[in-house]
file structure.cif (mmCIF, N, CA and C atoms)
data_target
loop_
_atom_site.label_atom_id
_atom_site.label_comp_id
_atom_site.auth_asym_id
_atom_site.auth_seq_id
_atom_site.Cartn_x
_atom_site.Cartn_y
_atom_site.Cartn_z
N MET G 28 1.39 -7.53 -16.01
CA MET G 28 0.44 -7.54 -17.08
C MET G 28 0.25 -6.11 -17.57
N LYS G 29 0.27 -5.93 -18.87
CA LYS G 29 0.08 -4.61 -19.45
C LYS G 29 -1.37 -4.17 -19.26
N GLN G 30 -1.54 -2.91 -18.89
CA GLN G 30 -2.89 -2.44 -18.62
C GLN G 30 -3.24 -1.28 -19.54
N ASN G 31 -4.45 -1.29 -20.00
CA ASN G 31 -5.00 -0.16 -20.73
C ASN G 31 -6.27 0.27 -19.99
N SER G 32 -6.97 1.23 -20.54
CA SER G 32 -8.15 1.74 -19.82
C SER G 32 -9.23 0.68 -19.67
N SER G 33 -9.36 -0.20 -20.63
CA SER G 33 -10.37 -1.25 -20.55
C SER G 33 -10.05 -2.24 -19.42
N SER G 34 -8.80 -2.68 -19.34
CA SER G 34 -8.43 -3.63 -18.29
C SER G 34 -8.48 -2.98 -16.91
N ARG G 35 -8.14 -1.69 -16.83
CA ARG G 35 -8.24 -1.00 -15.55
C ARG G 35 -9.70 -0.94 -15.08
N LYS G 36 -10.62 -0.73 -16.00
CA LYS G 36 -12.04 -0.70 -15.65
C LYS G 36 -12.51 -2.07 -15.17
N LEU G 37 -12.07 -3.13 -15.85
CA LEU G 37 -12.42 -4.49 -15.42
C LEU G 37 -11.87 -4.78 -14.04
N ASN G 38 -10.62 -4.41 -13.81
CA ASN G 38 -9.99 -4.63 -12.51
C ASN G 38 -10.74 -3.90 -11.41
N GLU G 39 -11.10 -2.67 -11.66
CA GLU G 39 -11.80 -1.88 -10.65
C GLU G 39 -13.21 -2.42 -10.42
N GLN G 40 -13.86 -2.85 -11.48
CA GLN G 40 -15.19 -3.43 -11.35
C GLN G 40 -15.14 -4.71 -10.50
N ALA G 41 -14.17 -5.55 -10.76
CA ALA G 41 -14.02 -6.79 -9.99
C ALA G 41 -13.71 -6.47 -8.53
N ARG G 42 -12.85 -5.48 -8.28
CA ARG G 42 -12.51 -5.10 -6.91
C ARG G 42 -13.74 -4.60 -6.16
N GLU G 43 -14.54 -3.75 -6.79
CA GLU G 43 -15.74 -3.22 -6.14
C GLU G 43 -16.74 -4.33 -5.82
N VAL G 44 -16.93 -5.25 -6.76
CA VAL G 44 -17.87 -6.35 -6.54
C VAL G 44 -17.39 -7.23 -5.39
N LEU G 45 -16.12 -7.58 -5.39
CA LEU G 45 -15.58 -8.43 -4.32
C LEU G 45 -15.67 -7.74 -2.96
N ALA G 46 -15.37 -6.45 -2.92
CA ALA G 46 -15.47 -5.71 -1.65
C ALA G 46 -16.91 -5.71 -1.15
N HIS G 47 -17.86 -5.52 -2.05
CA HIS G 47 -19.28 -5.54 -1.67
C HIS G 47 -19.68 -6.92 -1.16
N ILE G 48 -19.23 -7.95 -1.83
CA ILE G 48 -19.55 -9.32 -1.40
C ILE G 48 -19.00 -9.58 -0.01
N LEU G 49 -17.76 -9.20 0.23
CA LEU G 49 -17.17 -9.42 1.56
C LEU G 49 -17.89 -8.63 2.64
N LEU G 50 -18.33 -7.44 2.28
CA LEU G 50 -18.96 -6.58 3.27
C LEU G 50 -20.39 -7.01 3.60
N PHE G 51 -21.17 -7.42 2.57
CA PHE G 51 -22.59 -7.65 2.78
C PHE G 51 -23.06 -9.10 2.61
N GLU G 52 -22.32 -9.91 1.90
CA GLU G 52 -22.82 -11.24 1.56
C GLU G 52 -22.17 -12.38 2.33
N VAL G 53 -20.93 -12.23 2.72
CA VAL G 53 -20.20 -13.30 3.40
C VAL G 53 -20.16 -12.97 4.89
N SER G 54 -20.57 -13.94 5.71
CA SER G 54 -20.64 -13.68 7.15
C SER G 54 -19.55 -14.39 7.94
N ASP G 55 -18.50 -14.81 7.27
CA ASP G 55 -17.40 -15.49 7.95
C ASP G 55 -16.63 -14.48 8.80
N PRO G 56 -16.53 -14.67 10.11
CA PRO G 56 -15.84 -13.70 10.96
C PRO G 56 -14.34 -13.60 10.65
N ARG G 57 -13.78 -14.61 10.01
CA ARG G 57 -12.36 -14.55 9.65
C ARG G 57 -12.11 -13.53 8.55
N LEU G 58 -13.18 -13.13 7.84
CA LEU G 58 -13.03 -12.17 6.74
C LEU G 58 -13.49 -10.77 7.14
N ASP G 59 -13.76 -10.56 8.42
CA ASP G 59 -14.07 -9.21 8.90
C ASP G 59 -12.79 -8.37 8.84
N MET G 60 -12.94 -7.13 8.52
CA MET G 60 -11.82 -6.17 8.47
C MET G 60 -10.75 -6.56 7.44
N VAL G 61 -11.15 -7.29 6.41
CA VAL G 61 -10.26 -7.58 5.29
C VAL G 61 -10.53 -6.53 4.23
N THR G 62 -9.48 -5.96 3.68
CA THR G 62 -9.60 -4.94 2.66
C THR G 62 -9.09 -5.48 1.34
N ILE G 63 -9.90 -5.36 0.29
CA ILE G 63 -9.48 -5.74 -1.05
C ILE G 63 -8.73 -4.53 -1.62
N THR G 64 -7.43 -4.69 -1.84
CA THR G 64 -6.62 -3.57 -2.30
C THR G 64 -6.53 -3.50 -3.82
N GLY G 65 -6.80 -4.59 -4.50
CA GLY G 65 -6.75 -4.57 -5.95
C GLY G 65 -7.09 -5.91 -6.56
N CYS G 66 -7.37 -5.87 -7.85
CA CYS G 66 -7.64 -7.09 -8.62
C CYS G 66 -6.93 -6.97 -9.95
N GLU G 67 -6.51 -8.10 -10.47
CA GLU G 67 -5.96 -8.18 -11.81
C GLU G 67 -6.72 -9.26 -12.56
N VAL G 68 -7.54 -8.86 -13.50
CA VAL G 68 -8.33 -9.79 -14.29
C VAL G 68 -7.55 -10.08 -15.57
N SER G 69 -7.45 -11.36 -15.92
CA SER G 69 -6.73 -11.73 -17.14
C SER G 69 -7.48 -11.23 -18.37
N PHE G 70 -6.78 -11.20 -19.49
CA PHE G 70 -7.33 -10.68 -20.73
C PHE G 70 -8.62 -11.40 -21.13
N ASP G 71 -8.63 -12.73 -20.96
CA ASP G 71 -9.82 -13.51 -21.33
C ASP G 71 -10.83 -13.65 -20.18
N ARG G 72 -10.57 -12.99 -19.07
CA ARG G 72 -11.43 -12.97 -17.89
C ARG G 72 -11.57 -14.34 -17.21
N SER G 73 -10.63 -15.22 -17.44
CA SER G 73 -10.72 -16.55 -16.84
C SER G 73 -10.05 -16.62 -15.48
N MET G 74 -9.16 -15.69 -15.18
CA MET G 74 -8.44 -15.66 -13.91
C MET G 74 -8.53 -14.26 -13.30
N CYS G 75 -8.57 -14.24 -12.00
CA CYS G 75 -8.57 -12.95 -11.29
C CYS G 75 -7.70 -13.08 -10.05
N ASN G 76 -6.62 -12.33 -10.02
CA ASN G 76 -5.78 -12.25 -8.82
C ASN G 76 -6.38 -11.19 -7.92
N VAL G 77 -6.71 -11.58 -6.71
CA VAL G 77 -7.34 -10.67 -5.75
C VAL G 77 -6.31 -10.39 -4.66
N TYR G 78 -5.96 -9.13 -4.50
CA TYR G 78 -4.98 -8.72 -3.49
C TYR G 78 -5.74 -8.15 -2.29
N TYR G 79 -5.40 -8.63 -1.12
CA TYR G 79 -6.08 -8.18 0.09
C TYR G 79 -5.06 -7.89 1.18
N THR G 80 -5.51 -7.12 2.15
CA THR G 80 -4.68 -6.83 3.31
C THR G 80 -5.54 -6.99 4.56
N VAL G 81 -4.86 -7.34 5.63
CA VAL G 81 -5.52 -7.54 6.92
C VAL G 81 -4.46 -7.34 8.00
N ASP G 82 -4.88 -7.21 9.22
CA ASP G 82 -3.94 -7.07 10.33
C ASP G 82 -2.97 -8.26 10.32
N PRO G 83 -1.67 -7.98 10.52
CA PRO G 83 -0.67 -9.06 10.45
C PRO G 83 -0.94 -10.24 11.37
N SER G 84 -1.62 -10.04 12.46
CA SER G 84 -1.90 -11.16 13.36
C SER G 84 -2.99 -12.08 12.81
N ARG G 85 -3.66 -11.67 11.74
CA ARG G 85 -4.78 -12.45 11.21
C ARG G 85 -4.53 -12.99 9.81
N TYR G 86 -3.29 -13.06 9.37
CA TYR G 86 -2.98 -13.56 8.03
C TYR G 86 -3.54 -14.95 7.78
N GLU G 87 -3.26 -15.88 8.69
CA GLU G 87 -3.69 -17.27 8.51
C GLU G 87 -5.21 -17.40 8.56
N ASP G 88 -5.85 -16.65 9.46
CA ASP G 88 -7.31 -16.69 9.56
C ASP G 88 -7.96 -16.20 8.27
N ALA G 89 -7.42 -15.13 7.70
CA ALA G 89 -8.00 -14.59 6.47
C ALA G 89 -7.83 -15.58 5.31
N ALA G 90 -6.66 -16.19 5.21
CA ALA G 90 -6.43 -17.17 4.15
C ALA G 90 -7.39 -18.35 4.29
N ALA G 91 -7.60 -18.81 5.53
CA ALA G 91 -8.54 -19.91 5.77
C ALA G 91 -9.97 -19.48 5.46
N GLY G 92 -10.31 -18.24 5.77
CA GLY G 92 -11.64 -17.72 5.48
C GLY G 92 -11.90 -17.65 3.98
N PHE G 93 -10.91 -17.21 3.23
CA PHE G 93 -11.07 -17.16 1.78
C PHE G 93 -11.19 -18.56 1.19
N ALA G 94 -10.42 -19.51 1.72
CA ALA G 94 -10.50 -20.89 1.23
C ALA G 94 -11.89 -21.47 1.51
N ALA G 95 -12.44 -21.19 2.67
CA ALA G 95 -13.75 -21.72 3.03
C ALA G 95 -14.88 -21.07 2.24
N ALA G 96 -14.76 -19.80 1.94
CA ALA G 96 -15.84 -19.06 1.27
C ALA G 96 -15.62 -18.94 -0.24
N TYR G 97 -14.63 -19.61 -0.77
CA TYR G 97 -14.26 -19.47 -2.18
C TYR G 97 -15.45 -19.68 -3.12
N GLY G 98 -16.15 -20.78 -2.96
CA GLY G 98 -17.27 -21.10 -3.86
C GLY G 98 -18.37 -20.06 -3.81
N ARG G 99 -18.72 -19.64 -2.61
CA ARG G 99 -19.79 -18.64 -2.46
C ARG G 99 -19.36 -17.30 -3.07
N ILE G 100 -18.14 -16.90 -2.81
CA ILE G 100 -17.65 -15.62 -3.35
C ILE G 100 -17.66 -15.66 -4.88
N ARG G 101 -17.17 -16.75 -5.44
CA ARG G 101 -17.10 -16.86 -6.90
C ARG G 101 -18.50 -16.89 -7.51
N SER G 102 -19.41 -17.61 -6.89
CA SER G 102 -20.78 -17.68 -7.38
C SER G 102 -21.45 -16.31 -7.36
N LEU G 103 -21.33 -15.61 -6.26
CA LEU G 103 -21.92 -14.27 -6.16
C LEU G 103 -21.26 -13.30 -7.13
N MET G 104 -19.97 -13.45 -7.33
CA MET G 104 -19.27 -12.58 -8.29
C MET G 104 -19.79 -12.83 -9.71
N GLY G 105 -19.98 -14.10 -10.06
CA GLY G 105 -20.49 -14.43 -11.39
C GLY G 105 -21.89 -13.88 -11.63
N ARG G 106 -22.74 -13.95 -10.62
CA ARG G 106 -24.11 -13.43 -10.76
C ARG G 106 -24.11 -11.90 -10.89
N THR G 107 -23.21 -11.26 -10.18
CA THR G 107 -23.20 -9.79 -10.17
C THR G 107 -22.57 -9.22 -11.44
N LEU G 108 -21.49 -9.81 -11.91
CA LEU G 108 -20.76 -9.25 -13.04
C LEU G 108 -21.39 -9.54 -14.40
N HIS G 109 -22.08 -10.65 -14.55
CA HIS G 109 -22.71 -11.03 -15.82
C HIS G 109 -21.69 -11.15 -16.95
N TRP G 110 -20.49 -11.60 -16.63
CA TRP G 110 -19.49 -11.86 -17.66
C TRP G 110 -19.77 -13.24 -18.25
N ARG G 111 -19.30 -13.50 -19.45
CA ARG G 111 -19.49 -14.79 -20.09
C ARG G 111 -18.87 -15.90 -19.25
N VAL G 112 -17.71 -15.61 -18.64
CA VAL G 112 -16.99 -16.58 -17.82
C VAL G 112 -16.82 -15.99 -16.42
N THR G 113 -17.08 -16.80 -15.41
CA THR G 113 -16.78 -16.38 -14.04
C THR G 113 -15.32 -16.75 -13.77
N PRO G 114 -14.50 -15.77 -13.44
CA PRO G 114 -13.07 -16.06 -13.31
C PRO G 114 -12.74 -16.92 -12.08
N GLU G 115 -11.69 -17.70 -12.23
CA GLU G 115 -11.10 -18.40 -11.10
C GLU G 115 -10.46 -17.33 -10.22
N LEU G 116 -10.60 -17.45 -8.93
CA LEU G 116 -10.07 -16.43 -8.02
C LEU G 116 -8.82 -16.96 -7.33
N ARG G 117 -7.81 -16.12 -7.28
CA ARG G 117 -6.60 -16.42 -6.51
C ARG G 117 -6.41 -15.29 -5.51
N PHE G 118 -6.55 -15.62 -4.25
CA PHE G 118 -6.42 -14.61 -3.20
C PHE G 118 -4.97 -14.53 -2.77
N MET G 119 -4.42 -13.32 -2.85
CA MET G 119 -3.01 -13.10 -2.53
C MET G 119 -2.88 -11.97 -1.52
N LEU G 120 -2.09 -12.23 -0.51
CA LEU G 120 -1.85 -11.22 0.52
C LEU G 120 -1.05 -10.07 -0.08
N ASP G 121 -1.51 -8.85 0.12
CA ASP G 121 -0.83 -7.66 -0.36
C ASP G 121 0.05 -7.13 0.76
N ALA G 122 1.33 -7.42 0.68
CA ALA G 122 2.26 -7.02 1.74
C ALA G 122 2.73 -5.59 1.59
N SER G 123 2.34 -4.90 0.53
CA SER G 123 2.80 -3.53 0.32
C SER G 123 2.30 -2.59 1.42
N VAL G 124 1.13 -2.84 1.95
CA VAL G 124 0.60 -2.00 3.03
C VAL G 124 1.45 -2.15 4.28
N ASP G 125 1.82 -3.39 4.60
CA ASP G 125 2.68 -3.63 5.75
C ASP G 125 4.06 -3.01 5.54
N GLU G 126 4.57 -3.10 4.32
CA GLU G 126 5.87 -2.52 4.01
C GLU G 126 5.81 -1.00 4.13
N ALA G 127 4.72 -0.39 3.66
CA ALA G 127 4.55 1.06 3.79
C ALA G 127 4.50 1.48 5.25
N GLN G 128 3.84 0.69 6.09
CA GLN G 128 3.77 0.98 7.52
C GLN G 128 5.15 0.91 8.15
N ARG G 129 5.93 -0.11 7.77
CA ARG G 129 7.28 -0.26 8.29
C ARG G 129 8.16 0.92 7.88
N ILE G 130 8.04 1.37 6.64
CA ILE G 130 8.81 2.51 6.16
C ILE G 130 8.40 3.79 6.88
N ALA G 131 7.09 3.98 7.08
CA ALA G 131 6.61 5.17 7.79
C ALA G 131 7.13 5.22 9.21
N GLU G 132 7.16 4.08 9.88
CA GLU G 132 7.69 4.03 11.25
C GLU G 132 9.19 4.33 11.25
N ALA G 133 9.92 3.81 10.28
CA ALA G 133 11.35 4.08 10.20
C ALA G 133 11.61 5.56 9.94
N LEU G 134 10.82 6.17 9.06
CA LEU G 134 10.98 7.60 8.78
C LEU G 134 10.64 8.46 9.99
N ALA G 135 9.62 8.05 10.73
CA ALA G 135 9.26 8.80 11.94
C ALA G 135 10.38 8.73 12.96
N GLY G 136 10.98 7.56 13.12
CA GLY G 136 12.11 7.43 14.04
C GLY G 136 13.30 8.24 13.57
N ASP G 137 13.53 8.26 12.27
CA ASP G 137 14.64 9.03 11.71
C ASP G 137 14.40 10.52 11.89
N ALA G 138 13.15 10.97 11.75
CA ALA G 138 12.82 12.38 11.94
C ALA G 138 13.12 12.80 13.38
N GLY G 139 12.83 11.93 14.33
CA GLY G 139 13.14 12.24 15.74
C GLY G 139 14.63 12.38 15.96
N ARG G 140 15.41 11.50 15.34
CA ARG G 140 16.88 11.61 15.46
C ARG G 140 17.39 12.87 14.78
N ASN G 141 16.79 13.25 13.65
CA ASN G 141 17.21 14.46 12.96
C ASN G 141 16.91 15.70 13.78
N GLU G 142 15.76 15.74 14.45
CA GLU G 142 15.42 16.88 15.30
C GLU G 142 16.40 17.00 16.46
N GLU G 143 16.75 15.88 17.05
CA GLU G 143 17.70 15.87 18.16
C GLU G 143 19.07 16.36 17.68
N SER G 144 19.49 15.92 16.53
CA SER G 144 20.77 16.35 15.98
C SER G 144 20.76 17.84 15.66
N ALA G 145 19.65 18.33 15.13
CA ALA G 145 19.53 19.76 14.82
C ALA G 145 19.60 20.60 16.09
N ARG G 146 18.96 20.12 17.15
CA ARG G 146 19.02 20.84 18.42
C ARG G 146 20.45 20.91 18.95
N LYS G 147 21.16 19.81 18.86
CA LYS G 147 22.55 19.79 19.32
C LYS G 147 23.41 20.74 18.50
N ASN G 148 23.19 20.76 17.20
CA ASN G 148 23.97 21.66 16.33
C ASN G 148 23.63 23.11 16.59
N ALA G 149 22.39 23.42 16.91
CA ALA G 149 22.00 24.80 17.20
C ALA G 149 22.63 25.27 18.51
N ASP G 150 22.79 24.36 19.46
CA ASP G 150 23.38 24.71 20.74
C ASP G 150 24.89 24.87 20.64
N PHE G 151 25.47 24.34 19.61
CA PHE G 151 26.93 24.39 19.47
C PHE G 151 27.36 25.80 19.12
N ASP G 152 28.35 26.31 19.81
CA ASP G 152 28.84 27.67 19.57
C ASP G 152 29.85 27.62 18.43
N ASP G 153 29.47 28.18 17.28
CA ASP G 153 30.37 28.11 16.13
C ASP G 153 31.38 29.26 16.13
N SER G 154 31.45 30.04 17.19
CA SER G 154 32.43 31.14 17.24
C SER G 154 33.85 30.61 17.34
N VAL G 155 34.01 29.36 17.67
CA VAL G 155 35.34 28.77 17.75
C VAL G 155 36.00 28.77 16.39
N TYR G 156 35.19 28.64 15.34
CA TYR G 156 35.73 28.55 13.99
C TYR G 156 35.79 29.90 13.29
N HIS G 157 35.33 30.94 13.91
CA HIS G 157 35.32 32.25 13.28
C HIS G 157 36.57 33.03 13.68
N ARG G 158 37.33 33.48 12.69
CA ARG G 158 38.53 34.27 12.96
C ARG G 158 38.19 35.74 12.83
N ASP G 159 38.76 36.56 13.71
CA ASP G 159 38.48 37.99 13.68
C ASP G 159 39.14 38.67 12.50
N ASP G 160 40.24 38.14 12.01
CA ASP G 160 40.96 38.81 10.94
C ASP G 160 40.46 38.44 9.55
N GLU G 161 39.40 37.66 9.44
CA GLU G 161 38.87 37.29 8.14
C GLU G 161 38.28 38.50 7.42
N ASP G 162 37.72 39.42 8.16
CA ASP G 162 37.10 40.59 7.55
C ASP G 162 38.14 41.50 6.89
N ASP G 163 39.40 41.40 7.31
CA ASP G 163 40.46 42.26 6.78
C ASP G 163 40.92 41.81 5.40
N ASP G 164 40.60 40.60 4.99
CA ASP G 164 41.07 40.10 3.71
C ASP G 164 40.41 40.79 2.53
N PHE G 165 39.25 41.34 2.71
CA PHE G 165 38.49 41.93 1.60
C PHE G 165 38.35 43.43 1.80
N GLU G 166 39.44 44.12 1.73
CA GLU G 166 39.40 45.57 1.85
C GLU G 166 39.10 46.18 0.49
N ASP G 167 38.49 47.33 0.53
CA ASP G 167 38.16 48.02 -0.73
C ASP G 167 39.46 48.51 -1.36
N GLU G 168 39.60 48.21 -2.62
CA GLU G 168 40.78 48.70 -3.36
C GLU G 168 40.37 49.91 -4.16
N GLU G 169 41.11 50.99 -3.99
CA GLU G 169 40.76 52.21 -4.69
C GLU G 169 41.88 52.67 -5.57
#

call {"tool": "encode", "arguments": {"input": "structure.cif", "output": "C-alpha cells"}}
result
Amino acid sequence: MKQNSSSRKLNEQAREVLAHILLFEVSDPRLDMVTITGCEVSFDRSMCNVYYTVDPSRYEDAAAGFAAAYGRIRSLMGRTLHWRVTPELRFMLDASVDEAQRIAEALAGDAGRNEESARKNADFDDSVYHRDDEDDDFEDEE
C-alpha cells in the first residue's frame, strides 16, 4: 500500500492505541509479552492489518488470545480513536523479527569463523613466497 505522511500518522496512531490496549486493558495471559510492530490502516479506515511479534514458542497462544479478545480490542480501539468507522482488525504474525534474529546468529557464527581464519593466516609464514632476488629487479638507472 502506498504511504504518505497522513497514512503513516494513522498507522502510528493505530499502533500506539493497540499497544496501550494490550498493555493496560486486556488481561488475557496469552497476550502478555506481545509486541505490536506495526499497523496498516486502509485508505477508508475500514480495515487494519496489525503486525505483532512474540516468542516463537507462543505463536499459537498469541493467535488464540487475539481471537478471544478481538471484540474487546476493537471496541476499545473505536472508543479511543473516535474515527467515523472502527476498522476490522486482522492480526498477522510479523516474522521479520525472527528472521532478523536468525540472520544475526548466522553473522555472529560467521564472524567467529572469520576470526579463526585470520588467526591461522597471521600464523602462516609468508617468507616461503618471498624471493631474495626480487629487490634486484628495480635498480636505479642512471

call {"tool": "residues_around", "arguments": {"input": "structure.cif", "residues": "Ile63 (chain G)", "least_positions_apart": "4", "cutoff": "8 Å", "atoms": "only N, CA and C atoms", "output": "list in words"}}
result
Arg42, Glu43, Leu45, Ala46, Val77, Tyr78, Tyr79, Thr80 and Val81 of chain G

call {"tool": "closest_residue", "arguments": {"input": "structure.cif", "among": "G:Val112, G:Ala90, G:Ala95, G:Leu58", "to": "Asp71 (chain G)", "atoms": "all atoms listed in the file"}}
result
G:Val112

call {"tool": "atom_distance", "arguments": {"input": "structure.cif", "atom1": "CA of Lys36 (chain G)", "atom2": "CA of Gly65 (chain G)"}}
result
11.7 Å

call {"tool": "select_by_dssp", "arguments": {"input": "structure.cif", "residues": "chain G", "states": "alpha helix (DSSP H)", "output": "PyMOL selection string"}}
result
chain G and resi 32-47+86-108+123-150

call {"tool": "closest_residue", "arguments": {"input": "structure.cif", "among": "G:Leu37, G:Ala94, G:Ala133, G:Met74", "to": "Arg57 (chain G)", "atoms": "only C-alpha atoms"}}
result
G:Ala94

call {"tool": "select_by_dssp", "arguments": {"input": "structure.cif", "residues": "chain G", "states": "strand (DSSP E)", "output": "list in words"}}
result
Thr62, Ile63, Thr64, Gly65, Cys66, Glu67, Val68, Met74, Cys75, Asn76, Val77, Tyr78, Tyr79, Thr80, Glu115, Leu116, Arg117, Phe118, Met119 and Leu120 of chain G

call {"tool": "resolve_selection", "arguments": {"input": "structure.cif", "expression": "the PyMOL selection byres (((chain G and resi 116 and name CA) around 8) and name CA)", "output": "PyMOL selection string"}}
result
chain G and resi 74-77+97+101+114-115+117-118

call {"tool": "axis_aligned_box", "arguments": {"input": "structure.cif", "around": "region 43-47 of chain G", "padding_each_side": "8 Å", "output": "JSON"}}
result
{"center_x": -17.1, "center_y": -5.8, "center_z": -4.0, "size_x": 21.1, "size_y": 21.2, "size_z": 21.6}

call {"tool": "atom_distance", "arguments": {"input": "structure.cif", "atom1": "CA of Ser84 (chain G)", "atom2": "CA of Val53 (chain G)"}}
result
20.9 Å

call {"tool": "closest_residue", "arguments": {"input": "structure.cif", "among": "G:Pro56, G:Gln40, G:Ser33, G:Arg72", "to": "Arg111 (chain G)", "atoms": "only N, CA and C atoms"}}
result
G:Arg72

call {"tool": "closest_residue", "arguments": {"input": "structure.cif", "among": "G:Asn31, G:Asn38, G:Asn141, G:Thr113", "to": "Ser73 (chain G)", "atoms": "only C-alpha atoms"}}
result
G:Thr113

call {"tool": "closest_residue", "arguments": {"input": "structure.cif", "among": "G:Ala89, G:Ile100, G:Val68, G:Ala127", "to": "Ile48 (chain G)", "atoms": "all atoms listed in the file"}}
result
G:Ile100

call {"tool": "decode", "arguments": {"input": "structure.cif", "residues": "region 134-153 of chain G", "atoms": "N, CA and C atoms", "output": "short mmCIF file (atom, residue, chain, number, x, y, z; two decimals), in the first residue's frame"}}
result
data_model
loop_
_atom_site.label_atom_id
_atom_site.label_comp_id
_atom_site.auth_asym_id
_atom_site.auth_seq_id
_atom_site.Cartn_x
_atom_site.Cartn_y
_atom_site.Cartn_z
N LEU G 134 25.42 -14.37 11.25
CA LEU G 134 26.55 -13.44 11.12
C LEU G 134 27.52 -13.58 12.28
N ALA G 135 27.00 -13.80 13.48
CA ALA G 135 27.88 -13.98 14.63
C ALA G 135 28.71 -15.25 14.47
N GLY G 136 28.10 -16.31 13.98
CA GLY G 136 28.85 -17.55 13.73
C GLY G 136 29.88 -17.36 12.64
N ASP G 137 29.53 -16.60 11.62
CA ASP G 137 30.46 -16.34 10.52
C ASP G 137 31.62 -15.48 11.00
N ALA G 138 31.35 -14.52 11.89
CA ALA G 138 32.41 -13.67 12.44
C ALA G 138 33.42 -14.52 13.21
N GLY G 139 32.93 -15.51 13.95
CA GLY G 139 33.83 -16.41 14.69
C GLY G 139 34.72 -17.19 13.74
N ARG G 140 34.14 -17.67 12.65
CA ARG G 140 34.95 -18.41 11.66
C ARG G 140 35.95 -17.48 10.98
N ASN G 141 35.57 -16.24 10.73
CA ASN G 141 36.49 -15.29 10.12
C ASN G 141 37.66 -14.97 11.04
N GLU G 142 37.40 -14.83 12.33
CA GLU G 142 38.48 -14.56 13.28
C GLU G 142 39.45 -15.74 13.33
N GLU G 143 38.92 -16.94 13.33
CA GLU G 143 39.76 -18.13 13.36
C GLU G 143 40.61 -18.21 12.09
N SER G 144 40.02 -17.91 10.96
CA SER G 144 40.76 -17.93 9.70
C SER G 144 41.84 -16.86 9.69
N ALA G 145 41.54 -15.68 10.22
CA ALA G 145 42.53 -14.60 10.27
C ALA G 145 43.70 -14.98 11.17
N ARG G 146 43.41 -15.65 12.29
CA ARG G 146 44.48 -16.10 13.17
C ARG G 146 45.39 -17.10 12.47
N LYS G 147 44.79 -18.02 11.74
CA LYS G 147 45.59 -19.02 11.01
C LYS G 147 46.45 -18.35 9.96
N ASN G 148 45.89 -17.37 9.26
CA ASN G 148 46.65 -16.67 8.22
C ASN G 148 47.77 -15.84 8.82
N ALA G 149 47.57 -15.28 9.99
CA ALA G 149 48.61 -14.48 10.64
C ALA G 149 49.76 -15.38 11.10
N ASP G 150 49.44 -16.60 11.50
CA ASP G 150 50.46 -17.53 11.94
C ASP G 150 51.26 -18.11 10.78
N PHE G 151 50.71 -18.02 9.60
CA PHE G 151 51.37 -18.61 8.43
C PHE G 151 52.59 -17.78 8.06
N ASP G 152 53.70 -18.43 7.84
CA ASP G 152 54.94 -17.73 7.49
C ASP G 152 54.95 -17.51 5.99
N ASP G 153 54.81 -16.24 5.58
CA ASP G 153 54.75 -15.96 4.14
C ASP G 153 56.14 -15.80 3.53
#
